[in-house]
Amino acid sequence: MSLTGYTITQFRERDKLIGVDLRAPEHDRVDPSQIERLAIPSQSGIAVPLASLGRFTYGLEYGVIWSAIVSRP
């Protein structure tokens with residue numbers, strides 16, 4: 001929800017419904033180093049930051065191309 005947002009309600013303007021999204025401020029969403037600060041709930045209900053679970057590194061990976069081979073009799 002912090003990154004992509006979550007529609008919490010809708011606003012009606014004439015014949016259109018406009019979704020109202022709840023999300024984190026732009027500086028927290030745009031900067032990839034902020035992902036370590038995102039908190040997730042633990043089993044006990046206490047929110048812990050992702051940085052406490054491991055180390056994050058940033059980099060590029062090659063794309064994976066999936067192909068299906070169909071054999072016909």
# chains A, B, ... in the order shown; residues from 1 in each chain; ligands from 1
call {"tool": "select_by_dssp", "arguments": {"residues": "chain A", "states": "alpha helix (DSSP H)", "output": "number ranges by chain"}}
result
A: 26-30
call {"tool": "write_last_selection", "arguments": {"atoms": "all heavy atoms", "output": "mmCIF file, in the first residue's frame"}}
result
data_model
loop_
_atom_site.group_PDB
_atom_site.id
_atom_site.type_symbol
_atom_site.label_atom_id
_atom_site.label_comp_id
_atom_site.auth_asym_id
_atom_site.auth_seq_id
_atom_site.Cartn_x
_atom_site.Cartn_y
_atom_site.Cartn_z
ATOM 1 N N GLU A 26 5.481 11.144 -1.893
ATOM 2 C CA GLU A 26 6.240 10.858 -3.121
ATOM 3 C C GLU A 26 7.721 10.609 -2.850
ATOM 4 O O GLU A 26 8.318 9.722 -3.449
ATOM 5 C CB GLU A 26 6.073 12.006 -4.110
ATOM 6 C CG GLU A 26 6.743 11.727 -5.440
ATOM 7 C CD GLU A 26 6.485 12.807 -6.460
ATOM 8 O OE1 GLU A 26 5.803 13.788 -6.152
ATOM 9 O OE2 GLU A 26 6.983 12.653 -7.581
ATOM 10 N N HIS A 27 8.349 11.364 -1.948
ATOM 11 C CA HIS A 27 9.784 11.162 -1.706
ATOM 12 C C HIS A 27 10.083 9.782 -1.116
ATOM 13 O O HIS A 27 11.171 9.256 -1.285
ATOM 14 C CB HIS A 27 10.365 12.281 -0.834
ATOM 15 C CG HIS A 27 9.846 12.287 0.570
ATOM 16 N ND1 HIS A 27 8.670 12.918 0.913
ATOM 17 C CD2 HIS A 27 10.325 11.740 1.701
ATOM 18 C CE1 HIS A 27 8.456 12.767 2.206
ATOM 19 N NE2 HIS A 27 9.436 12.049 2.710
ATOM 20 N N ASP A 28 9.125 9.171 -0.439
ATOM 21 C CA ASP A 28 9.316 7.813 0.077
ATOM 22 C C ASP A 28 9.076 6.760 -0.996
ATOM 23 O O ASP A 28 9.624 5.668 -0.939
ATOM 24 C CB ASP A 28 8.365 7.540 1.248
ATOM 25 C CG ASP A 28 8.765 8.281 2.495
ATOM 26 O OD1 ASP A 28 9.920 8.743 2.572
ATOM 27 O OD2 ASP A 28 7.923 8.409 3.400
ATOM 28 N N ARG A 29 8.236 7.061 -1.994
ATOM 29 C CA ARG A 29 7.920 6.097 -3.047
ATOM 30 C C ARG A 29 8.938 6.116 -4.170
ATOM 31 O O ARG A 29 9.209 5.094 -4.785
ATOM 32 C CB ARG A 29 6.535 6.391 -3.631
ATOM 33 C CG ARG A 29 5.414 6.088 -2.694
ATOM 34 C CD ARG A 29 4.073 6.347 -3.322
ATOM 35 N NE ARG A 29 3.805 7.774 -3.402
ATOM 36 C CZ ARG A 29 3.568 8.438 -4.525
ATOM 37 N NH1 ARG A 29 3.542 7.821 -5.669
ATOM 38 N NH2 ARG A 29 3.339 9.736 -4.500
ATOM 39 N N VAL A 30 9.518 7.263 -4.475
ATOM 40 C CA VAL A 30 10.394 7.406 -5.634
ATOM 41 C C VAL A 30 11.812 6.926 -5.336
ATOM 42 O O VAL A 30 12.471 6.340 -6.180
ATOM 43 C CB VAL A 30 10.399 8.878 -6.114
ATOM 44 C CG1 VAL A 30 11.389 9.087 -7.235
ATOM 45 C CG2 VAL A 30 9.012 9.284 -6.553
#
call {"tool": "residues_around", "arguments": {"residues": "Glu36 (chain A)", "least_positions_apart": "4", "cutoff": "9 Å", "atoms": "only C-alpha atoms", "output": "PyMOL selection string"}}
result
chain A and resi 32+49-52+55-56
call {"tool": "residues_around", "arguments": {"residues": "Val20 (chain A)", "least_positions_apart": "2", "cutoff": "8 Å", "atoms": "only C-alpha atoms", "output": "VMD selection string"}}
result
chain A and resid 7 to 11 18 22
call {"tool": "closest_residue", "arguments": {"among": "A:Ser44, A:Thr57, A:Ser71, A:Thr4", "to": "Arg23 (chain A)", "atoms": "only C-alpha atoms"}}
result
A:Thr4
call {"tool": "atom_distance", "arguments": {"atom1": "CA of Tyr6 (chain A)", "atom2": "CA of Pro25 (chain A)"}}
result
13.2 Å
call {"tool": "atom_distance", "arguments": {"atom1": "CA of Ile35 (chain A)", "atom2": "CA of Asp21 (chain A)"}}
result
19.6 Å
